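A short worksheet on the structure shown next.
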Amino acid sequence: MDKMPHWADVILIPLISLILAAFLSALVILAIGENPVEALQLMVQGSLGSTYGWGYTLYYATNFMFTGLAVAVAFHARMFNIGGEGQAMLGGLGVALVCLYVPWPHWTIALVFAIAASAAFGALWAMIPAYLQAARGSHIVITTIMFNFIASAFLNYMLVNVMRPAGSMDPATERFPEAVNLPTLHEMLLPFGIQFSKAAPVNFSLVIAILACILVWVLIWRTRLGYEIRAYGHSEPGALYAGISPFKIIMISMLISGGLAGMMAINNVMGEAERLVLNATEGAGFIGIAVALMGRSHPFGVFLAAILFGFLYQGGAELALWTNIPRELIVVIQALVIMLTGALDNMVRMPLEKLFLSMRKGRA
Amino acid sequence: MTAPAIELKGISKSFGPVQANKDISIRVRPGTIHGIIGENGAGKSTLMSILYGFYKADSGEIWINGNETQIPDSQAAIAAGIGMVFQHFKLVENFTVLENVILGAEDSGLLKPSLARARKSLLNLAQEYGLNVDPDARIDEIGVGMQQRVEILKALYREAQILILDEPTGVLTPAEADQLFRILHRLREEGKTIILITHKLREIMEATDEVSVMRRGEMVATRTTSQTTPEELAELMVGRKVLLRVDKAPAQPGGKVLEIRNLHVRDEKGVERVKGINLSVRAGEILGIAGVAGNGQSELLEVLGGMRPGTGEVLLNGQPVELVGANGRAIRDKGIAHVPEDRQREGLIMDFHAWENVAFGYHHDPAYNRGLLMDNAALRADTERKIEKFDIRPADGWLSAKNFSGGNQQKIVVAREIERNPDLLLVGQPTRGVDIGAIEFIHKQIVALRDAGKAVLLVSVELEEIFSLSDRIAVMFDGHVMGERLPDQTDEKELGLLMAGVSGPREATA
Amino acid sequence: MDFITLIQVLDSTIRLTTPLLLACLAGLYSERAGIFDIGLEGKMLASAFLSAAIAYVSGSVWLGLLAGIAASVLLSALHGLASITFRGNQLISGLAVTMLAQGFTVLVAQDWFQQGGRTPSLTGAGRFTGITLPFADALEPVPVIGPIYAELISGHSILVYLAFAMVPLTWWILFRTRFGLRLRAVGENPAAVDTAGISVTGLRYAAVLICGVLCGIAGAYLSTALQAGFVKDMTAGRGYIALAALIFAKWRPWHALWSCLLFGLLQAVALRFQNIDLGGIVIPVQVMDALPYILTVVILAGFVGKAIPPRAGGEPYVKER
Amino acid sequence: EPALIFDLGGKFDKSFNEAAFGGAKRWADETGGSFLETEMQSEAQREQALRRFAESGANPIVMTGFAFGDVLNQVAPDYPDTKFAIVDMVVEQPNVRSVVFNEHEGSYLVGMLAAMASETDTVGFIGGMDIPLIRKFACGYAQGVKAVSPDATVIANMTGTTPAAWNDPVRGSELTNAQISQGADVVYAAAGGTGVGVLQTAADEGILSIGVDSNQNYLHPGQVLTSMMKRVDNAVYEAFSDGTDLETGIYVMGLANGGVGYALDEYNEELITEEMKAAVDEASAKIASGEMVVHDYMSDESCPAVSF
Ligand SMILES: Nc1ncnc2c1ncn2[C@@H]1O[C@H](COP(=O)(O)OP(=O)(O)OP(=O)(O)O)[C@@H](O)[C@H]1O
Ligand SMILES: Nc1ncnc2c1ncn2[C@@H]1O[C@H](COP(=O)(O)OP(=O)(O)OP(=O)(O)O)[C@@H](O)[C@H]1O
Ligand SMILES: [Mg+2]
Ligand SMILES: [Mg+2]
């Protein structure tokens, strides 16, 4: 028999971990002499209290949906892709190349190609670690970490030595032409008579991100490929027995994962900054790990967790603005969530399992 | 009467919902070899692991030489003079024999003196008991038989008075096993007490002074070996009379379905496991492959099932089969079905629903798909049918595979494979860890497939199973086929010799 | 490159190798015992902060060092709790440890010193300063040998000498002592250790704590010897370079020394020269920055001798028959 | 309520950003008013910070650093009623004041002092990010050095090519060591937070250093020769004082209007002799009056006195 009902596993455990993380963070806030309740109010007000706040929350959430899905898809194949950060950076390069060097007539066409380019660049960056894992057994976690650093150095080189416009001091590309600017939520909602903040960066990419969630759900739970990915993730000898090629699954799942991470660039590079700057990813690749763990690798869970982290991110920025609590508070929260849902999982799980077991015995 | 060397009183142990030991009591007289016998999963290893301090009992007492002794960990067991050779050896593969022997029994903080003392001591033990090993060889460079000696030496080096051996012969040839028993007898003469776990009746009868029988976590009886019979023990073990033969009509073999010519297989480490074998299976025939585990049978099945690459020629109905490995799908498309040796690791995804497992390996079948997507409704309907036909219990396709008992898990696999109506069925250890009722059922299904004119290649380490199912028997040893026999023209003794690498004069006339 | 510049670059190599070497040996203990640790970076960072903070507040660098070690050991214990006691995913735990340190150091530093996440500069006894070895001054004028001894070998802080001394010591502990034998065994086959009557948990915690101590020294070196104070993210990926060096060294102490020296040299060269002109071909500084990682990937790919990690590495120990 | 946004490197870099903070604090202390402030963690946050303050009604909004130029150019038109001031960059929008400094003039003065204090006739320059702005510092400095001793050697190094170069004390320290081995006995750090490492190493190794932007003489009393004062504090103070009436357009701050200069206080009075002071003050007067012109690197991207 299962030790615990399925719902406890997918809902209760993340929830308890989250509450624990929140509680610990509150202690931290108290320790640095601020009021956690006020801090929470400020975070809620700043991130959900206005369309401007929502705009940023959703903007960040869009980033995290992409990176969260990326990590989740890899998790299903039992690959731990720490390289989302580097893949997203490369995705940014792809978007910048497409947007800068091709004169697009309309953003819709540009978007299609930007998606293709960002996904291709991200996937490319995941391909080498994937190949090394699949063909030579090199540990993918280590190689993807290394590839994050290599990506960062590479992008640095591109921005400083290659793509920086003449006469500019900024290590950043030129602004993309007007024609490729994605519509913001403000513009999208205006026809419906809804006034959404004009200043908020949330843009059409959100729609793409939600679509990606749905497509990943279909992929994982409804297609043969998804079936094979999950089977491989549960048991490699099993996959081999069933005629599922481990090489193929590692490659495909990592390419999809890298592609999703790369696609984040349509949001932050094409949608928001409208140019490529250094460190445009701002750690979203790592937050993706927290999001995937929290969301139990299920696309719907990832969607919810991404919004939660969008809220934390925007709320944290507000805290940094109006109080003495530095932005790093959210790094701490994020670390706690990863620790509790990813590594100290059993600490939460064991007592729960005992509880359910005794409840069942009590009934029987 | 002297106090028992070991007395266990009321030992119980559960793993979550599984109760592995229920209120077990046993006495072992000093200076004897005491056998413990029981089916797979009866709880033998668990009980011994408790005695060795590897697991902690939920309740119960341990008495050693008449004193109640607390054994919270293996350190305590060693201190109490207990040594254990586990079913799966506990050796550090890239250490030398010497390093493995001293691990945990070092004399001081520095290694040098310990190593020197151990070297001397091994020399003595080798002379005393005939346990020769090269102290400087690395574990991953010596064979299993040798590794087992190292395990015994480890215990003796720690001056164990009580030695537990958990299924020591599973990996040994009969000859190696005989040698082991000679060593055990020698140890008994020195006054040591030995507990021997096995589920082979022959070994119990040959080697032990007393025998205790376990069934489903309980201790059902203890007998003096000389005053019992294999039949009695078997009955005690399974709880009812064992059906030794399957009722089946004589085979009506047709044309050759499978032909294997000069097949070679290497494992991941590059070691050759199958060394050029030739075999054929005809329609309407079951070819049984006997052999001690680890002599290439597993690799043979895996190559034919598309799980690993090999070289040589394999023909199915005259058509060549590619031996490239990782091509299980192509293999299935050709009409080969495969019940793998390890259903939990290979045959099923334990976390998938039963209905998802029903398509495992056949998930490309158009019947299970609608365009790009899988047709889950069709899968579930098919599952219902199989549950009904194969009497899988509980009859709930939504349960995860891990929530079925071993027998029902195996039924899911067998149902899936047999229902494909393949030309050739590969079967590995079809009844390992399966309850008696399911064994009968599964055997009948395999015979029925044969009677439908299909070819079956059966691999089993249970000679009894080989005898009761096979129409023809091939014996493998060290990657070679030592010979083929017809079941009614041979006996266990002859097969045993072949399994040990001693080839006999008679060839089967197939 | 003239001789003086060479000496200077090598001198700087030694300074930059020190934190890498300490962290690399730290990882070596942990990973040899079967606990993968990608959290070296975080532990160094935590120690860099706390050692600088305490050294500033107390005015004693030794107290600072102790505090830094304590901070690092605390994180190690957390990693141990997750990966040994609760059998969690060691990689995720290591990542979380690093993030925790990245967040906490700034949070606490800001609360404590109100300087945007840095500590005030350390002065006097609040820092480790170079020690001049005997005869350094006397030998200085001797050509070649003089500068090598006086500039390169002499004049480093005590922690540098400690780091280099740790290499033979680690080798000796690992291969010549009972503790080392058991440590290596538990990383290869914990069940063998368990059935030999030794506590797997105890050994692994010991290894993880040693790792904490060494990371603590590495971090303290950064903020109290190499620099005079903490700035946020001051480890700047050194923990990951140390990890790379560990793989590069295939988990062996002497090889660790060479790989850390190599990566230290790369850093020294990258620090000193922006772009390196090799007779027409200009190597951009970014290539130097990325080289340790690229080399490690090449090693991992197994084209230049395969790096095989300890067999039980990364797997929590669950008793099985 | 006015707002101040610091560049990467942070409010407490003891240099550029800290000078800006000093000006804001002075304004707050004098008027009893309060102001908003925030620091950047990464490039990508600039726009959000700007918008957040504009949305919340802060006015004027002052930011330090050329890197805000591009985003300000985007954001300013969205908030026509808000006044912005940017330091170190020219942004041509109707509601923006652009404050730029004649750093080459101040650097010229400290270059003279460096040459006079040097015994080896070799002086060093360590810049932050390698951009024209920093070369402008270096060029002014080198001209000052050469004016005093034409044969002197000026070693110039840059810390990096990205904004991380503003906050890399380790590299600052290594570069200082390198320059010392090449004979430099005075180094001028124009590198934001990186300068902390330069000044530290210079003090450890017993040579003189020159601070930048803020008065950094106090960091190592008696070991910092002087500091090139770039009165970012004044720029911020004035912007805050002007409030919503802030006049837009380009503001140039040079020697003539006290925008740059060198620091002399109790920490370095023993290092600067009367002669040195006299020489520098004379040059300062000449430059201020326009009698003498220091070449500005950014005018033609070249420098007569030093090559990079
Ligand atoms: N939030 C979740 N996190 C992780 N796994 C999940 C989650 N929700 C469902 N699953 C797993 O996904 C598998 C399939 O779930 P899915 O959501 O596709 O729907 P279902 O309920 O299984 O089937 P159907 O949609 O046809 O009713 C199940 O095995 C379940 O264990
Ligand atoms: N570590 C464990 N966790 C959970 N269940 C276990 C564990 N060890 C054993 N069991 C279960 O306890 C029962 C008894 O197992 P045990 O290994 O003692 O049997 P056995 O008689 O030694 O069988 P075999 O002949 O296969 O070795 C089985 O149902 C087994 O699945
Ligand atoms: Mg459902
Ligand atoms: Mg057993």
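All residue names refer to the structure tokens as shown: chains lettered A, B, ... in order, residues numbered from 1 in each chain, ligands numbered from 1 in order.
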
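Around Leu74 of chain C, within 12 Å and counting only C-alpha atoms, the residues found are C:Gly42, C:Lys43, C:Met44, C:Ala46, C:Ser47, C:Leu50, C:Ala67, C:Gly68, C:Ile69, C:Ala70, C:Leu78, C:His79, C:Gly80, C:Leu81, C:Val97, C:Leu100, C:Ala101, C:Tyr205, C:Val208, C:Leu209, C:Ile210, C:Cys211, C:Gly212, C:Val213, C:Cys215, C:Gly216, once anything fewer than 4 positions away on its own chain is removed.
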
Dump N, CA and C atoms for the selected residues as a PDB file, in the first residue's frame?
ATOM      1  N   GLY C  42      29.034  28.402  -1.017  1.00  0.00           N
ATOM      2  CA  GLY C  42      28.233  29.015   0.045  1.00  0.00           C
ATOM      3  C   GLY C  42      28.951  28.998   1.375  1.00  0.00           C
ATOM      4  N   LYS C  43      29.605  27.890   1.662  1.00  0.00           N
ATOM      5  CA  LYS C  43      30.288  27.800   2.945  1.00  0.00           C
ATOM      6  C   LYS C  43      31.443  28.789   3.021  1.00  0.00           C
ATOM      7  N   MET C  44      32.160  28.906   1.919  1.00  0.00           N
ATOM      8  CA  MET C  44      33.251  29.886   1.895  1.00  0.00           C
ATOM      9  C   MET C  44      32.699  31.289   2.112  1.00  0.00           C
ATOM     10  N   ALA C  46      29.909  32.263   3.568  1.00  0.00           N
ATOM     11  CA  ALA C  46      29.447  32.488   4.941  1.00  0.00           C
ATOM     12  C   ALA C  46      30.634  32.756   5.846  1.00  0.00           C
ATOM     13  N   SER C  47      31.679  31.967   5.656  1.00  0.00           N
ATOM     14  CA  SER C  47      32.849  32.141   6.504  1.00  0.00           C
ATOM     15  C   SER C  47      33.544  33.469   6.212  1.00  0.00           C
ATOM     16  N   LEU C  50      31.468  36.079   8.114  1.00  0.00           N
ATOM     17  CA  LEU C  50      31.487  36.080   9.574  1.00  0.00           C
ATOM     18  C   LEU C  50      32.900  36.296  10.113  1.00  0.00           C
ATOM     19  N   ALA C  67      35.228  32.145  14.099  1.00  0.00           N
ATOM     20  CA  ALA C  67      33.822  32.421  13.795  1.00  0.00           C
ATOM     21  C   ALA C  67      33.499  31.995  12.366  1.00  0.00           C
ATOM     22  N   GLY C  68      34.431  32.263  11.454  1.00  0.00           N
ATOM     23  CA  GLY C  68      34.217  31.868  10.065  1.00  0.00           C
ATOM     24  C   GLY C  68      34.077  30.366   9.952  1.00  0.00           C
ATOM     25  N   ILE C  69      34.958  29.662  10.633  1.00  0.00           N
ATOM     26  CA  ILE C  69      34.883  28.200  10.606  1.00  0.00           C
ATOM     27  C   ILE C  69      33.544  27.748  11.173  1.00  0.00           C
ATOM     28  N   ALA C  70      33.127  28.410  12.255  1.00  0.00           N
ATOM     29  CA  ALA C  70      31.848  28.031  12.861  1.00  0.00           C
ATOM     30  C   ALA C  70      30.715  28.210  11.868  1.00  0.00           C
ATOM     31  N   LEU C  78      24.096  21.478   8.229  1.00  0.00           N
ATOM     32  CA  LEU C  78      22.795  21.516   7.557  1.00  0.00           C
ATOM     33  C   LEU C  78      22.805  20.592   6.338  1.00  0.00           C
ATOM     34  N   HIS C  79      23.886  20.673   5.592  1.00  0.00           N
ATOM     35  CA  HIS C  79      24.033  19.799   4.426  1.00  0.00           C
ATOM     36  C   HIS C  79      24.039  18.339   4.871  1.00  0.00           C
ATOM     37  N   GLY C  80      24.712  18.083   5.976  1.00  0.00           N
ATOM     38  CA  GLY C  80      24.735  16.730   6.517  1.00  0.00           C
ATOM     39  C   GLY C  80      23.348  16.279   6.940  1.00  0.00           C
ATOM     40  N   LEU C  81      22.650  17.162   7.609  1.00  0.00           N
ATOM     41  CA  LEU C  81      21.299  16.842   8.056  1.00  0.00           C
ATOM     42  C   LEU C  81      20.437  16.440   6.862  1.00  0.00           C
ATOM     43  N   VAL C  97      22.293  25.445   0.131  1.00  0.00           N
ATOM     44  CA  VAL C  97      23.269  25.975   1.089  1.00  0.00           C
ATOM     45  C   VAL C  97      23.948  27.220   0.512  1.00  0.00           C
ATOM     46  N   LEU C 100      21.513  30.066   0.474  1.00  0.00           N
ATOM     47  CA  LEU C 100      21.288  30.528   1.836  1.00  0.00           C
ATOM     48  C   LEU C 100      22.408  31.478   2.249  1.00  0.00           C
ATOM     49  N   ALA C 101      23.627  31.087   1.943  1.00  0.00           N
ATOM     50  CA  ALA C 101      24.765  31.928   2.301  1.00  0.00           C
ATOM     51  C   ALA C 101      24.724  33.238   1.525  1.00  0.00           C
ATOM     52  N   TYR C 205      29.292  12.300   8.727  1.00  0.00           N
ATOM     53  CA  TYR C 205      29.234  13.607   9.391  1.00  0.00           C
ATOM     54  C   TYR C 205      30.648  14.128   9.641  1.00  0.00           C
ATOM     55  N   VAL C 208      31.923  15.538   6.461  1.00  0.00           N
ATOM     56  CA  VAL C 208      31.238  16.773   6.098  1.00  0.00           C
ATOM     57  C   VAL C 208      31.702  17.918   7.004  1.00  0.00           C
ATOM     58  N   LEU C 209      31.949  17.601   8.264  1.00  0.00           N
ATOM     59  CA  LEU C 209      32.401  18.656   9.174  1.00  0.00           C
ATOM     60  C   LEU C 209      33.832  19.086   8.859  1.00  0.00           C
ATOM     61  N   ILE C 210      34.678  18.133   8.510  1.00  0.00           N
ATOM     62  CA  ILE C 210      36.033  18.510   8.084  1.00  0.00           C
ATOM     63  C   ILE C 210      35.930  19.438   6.878  1.00  0.00           C
ATOM     64  N   CYS C 211      35.041  19.072   5.986  1.00  0.00           N
ATOM     65  CA  CYS C 211      34.813  19.905   4.811  1.00  0.00           C
ATOM     66  C   CYS C 211      34.417  21.316   5.249  1.00  0.00           C
ATOM     67  N   GLY C 212      33.574  21.394   6.261  1.00  0.00           N
ATOM     68  CA  GLY C 212      33.160  22.693   6.764  1.00  0.00           C
ATOM     69  C   GLY C 212      34.333  23.484   7.321  1.00  0.00           C
ATOM     70  N   VAL C 213      35.178  22.806   8.070  1.00  0.00           N
ATOM     71  CA  VAL C 213      36.315  23.508   8.669  1.00  0.00           C
ATOM     72  C   VAL C 213      37.213  24.080   7.571  1.00  0.00           C
ATOM     73  N   CYS C 215      36.531  24.703   4.391  1.00  0.00           N
ATOM     74  CA  CYS C 215      35.859  25.789   3.670  1.00  0.00           C
ATOM     75  C   CYS C 215      35.879  27.055   4.517  1.00  0.00           C
ATOM     76  N   GLY C 216      35.723  26.867   5.821  1.00  0.00           N
ATOM     77  CA  GLY C 216      35.753  28.007   6.716  1.00  0.00           C
ATOM     78  C   GLY C 216      37.093  28.723   6.634  1.00  0.00           C
TER      79      GLY C 216
END

Exercise. Residues within 7 Å of ligand 1, counting only C-alpha atoms and all ligand atoms: report them as a PyMOL selection string.
Key: (chain A and resi 6+10+221+295-298+300-301) or (chain B and resi 352-353+376)

Generate the output file for the selected residues, N, CA, C and O atoms, as a PDB file, in the first residue's frame.
ATOM      1  N   HIS A   6      -2.215  10.287  -2.418  1.00  0.00           N
ATOM      2  CA  HIS A   6      -1.501  11.068  -3.424  1.00  0.00           C
ATOM      3  C   HIS A   6      -1.634  12.572  -3.181  1.00  0.00           C
ATOM      4  O   HIS A   6      -0.685  13.328  -3.337  1.00  0.00           O
ATOM      5  N   VAL A  10       1.252  15.638  -3.176  1.00  0.00           N
ATOM      6  CA  VAL A  10       1.418  16.751  -4.116  1.00  0.00           C
ATOM      7  C   VAL A  10       0.957  18.089  -3.555  1.00  0.00           C
ATOM      8  O   VAL A  10       1.335  19.126  -4.078  1.00  0.00           O
ATOM      9  N   TRP A 221       2.072  14.109 -20.106  1.00  0.00           N
ATOM     10  CA  TRP A 221       1.044  13.169 -19.651  1.00  0.00           C
ATOM     11  C   TRP A 221       0.218  12.560 -20.771  1.00  0.00           C
ATOM     12  O   TRP A 221      -0.606  11.694 -20.529  1.00  0.00           O
ATOM     13  N   GLY A 295       6.389  23.013  -7.363  1.00  0.00           N
ATOM     14  CA  GLY A 295       5.268  22.602  -8.200  1.00  0.00           C
ATOM     15  C   GLY A 295       5.261  21.117  -8.489  1.00  0.00           C
ATOM     16  O   GLY A 295       4.495  20.661  -9.325  1.00  0.00           O
ATOM     17  N   ARG A 296       6.106  20.369  -7.827  1.00  0.00           N
ATOM     18  CA  ARG A 296       6.150  18.922  -7.983  1.00  0.00           C
ATOM     19  C   ARG A 296       6.298  18.504  -9.443  1.00  0.00           C
ATOM     20  O   ARG A 296       5.746  17.500  -9.885  1.00  0.00           O
ATOM     21  N   SER A 297       6.980  19.337 -10.214  1.00  0.00           N
ATOM     22  CA  SER A 297       7.259  19.037 -11.623  1.00  0.00           C
ATOM     23  C   SER A 297       6.016  18.905 -12.489  1.00  0.00           C
ATOM     24  O   SER A 297       6.091  18.430 -13.607  1.00  0.00           O
ATOM     25  N   HIS A 298       4.890  19.257 -11.966  1.00  0.00           N
ATOM     26  CA  HIS A 298       3.667  19.209 -12.764  1.00  0.00           C
ATOM     27  C   HIS A 298       3.431  20.612 -13.343  1.00  0.00           C
ATOM     28  O   HIS A 298       3.531  21.588 -12.609  1.00  0.00           O
ATOM     29  N   PHE A 300       0.946  22.407 -13.982  1.00  0.00           N
ATOM     30  CA  PHE A 300       0.037  23.270 -13.249  1.00  0.00           C
ATOM     31  C   PHE A 300       0.680  23.729 -11.940  1.00  0.00           C
ATOM     32  O   PHE A 300       0.566  24.896 -11.540  1.00  0.00           O
ATOM     33  N   GLY A 301       1.370  22.809 -11.299  1.00  0.00           N
ATOM     34  CA  GLY A 301       2.103  23.178 -10.086  1.00  0.00           C
ATOM     35  C   GLY A 301       3.158  24.233 -10.392  1.00  0.00           C
ATOM     36  O   GLY A 301       3.340  25.188  -9.632  1.00  0.00           O
TER      37      GLY A 301
ATOM     38  N   PHE B 352       4.006   3.795 -12.119  1.00  0.00           N
ATOM     39  CA  PHE B 352       2.933   3.987 -13.099  1.00  0.00           C
ATOM     40  C   PHE B 352       1.684   3.243 -12.647  1.00  0.00           C
ATOM     41  O   PHE B 352       1.752   2.227 -11.968  1.00  0.00           O
ATOM     42  N   HIS B 353       0.537   3.751 -13.091  1.00  0.00           N
ATOM     43  CA  HIS B 353      -0.705   3.009 -12.875  1.00  0.00           C
ATOM     44  C   HIS B 353      -0.618   1.684 -13.612  1.00  0.00           C
ATOM     45  O   HIS B 353       0.112   1.555 -14.601  1.00  0.00           O
ATOM     46  N   ASN B 376      -5.668   7.045 -23.773  1.00  0.00           N
ATOM     47  CA  ASN B 376      -5.708   6.481 -22.426  1.00  0.00           C
ATOM     48  C   ASN B 376      -6.970   5.661 -22.187  1.00  0.00           C
ATOM     49  O   ASN B 376      -6.953   4.683 -21.440  1.00  0.00           O
TER      50      ASN B 376
END

Exercise. Give as number ranges by chain every residue of chain A that touches chain D within 9 Å, counting only C-alpha atoms.
Key: A: 52, 56, 156, 160, 167-171, 175, 199-201, 268, 273, 277-282, 317-318, 320-322, 327

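Near Arg149 of chain B, within a cut-off of 9 Å and counting only C-alpha atoms, sit the residues Leu131, Asn132, Val133, Val144, Gly145, Met146, Ile152, Leu153, Lys154 and Leu180 of chain B, with same-chain residues fewer than 3 positions away left out.
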
Quiz item: Which residues, written as JSON, numbers by chain, have at least one atom at most 12 Å from Ile331 of chain B, with only C-alpha atoms counted and residues fewer than 2 positions away on the same chain left out?
Solution: {"A": [241, 242, 243, 244], "B": [302, 303, 304, 305, 306, 307, 308, 314, 315, 316, 319, 320, 321, 322, 323, 324, 325, 326, 327, 328, 329, 333, 334, 335, 336, 337, 338, 361, 362, 422, 423, 424, 425, 426]}

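Residues with any atom within 8 Å of segment 251-266 of chain D, counting only C-alpha atoms and excluding same-chain neighbours fewer than 6 positions away, are Arg97, Ser98, Val99, Val100, Phe101, Asn102, Glu103, Glu105, Gly106, Leu109, Val110, Asn215, Asn217, Thr226, Ser227, Met228, Met229, Lys230, Arg231, Val232, Asn234, Ser284, Ile287, Ala288 and Ser289 of chain D.
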
Practice problem: Please report as number ranges by chain which residues of chain C come no farther than 8 Å from chain B, using only C-alpha atoms. | Solution: C: 176-179, 181-182, 185, 188-189, 191-198, 321

Exercise. For chain C, work out the contacting residues on chain D at 9 Å, counting only C-alpha atoms, and write them as a ChimeraX atom specification.
Key: /D:10-13,39,157-161,167-175,177-178,181-182,196-197,200-201,204,219
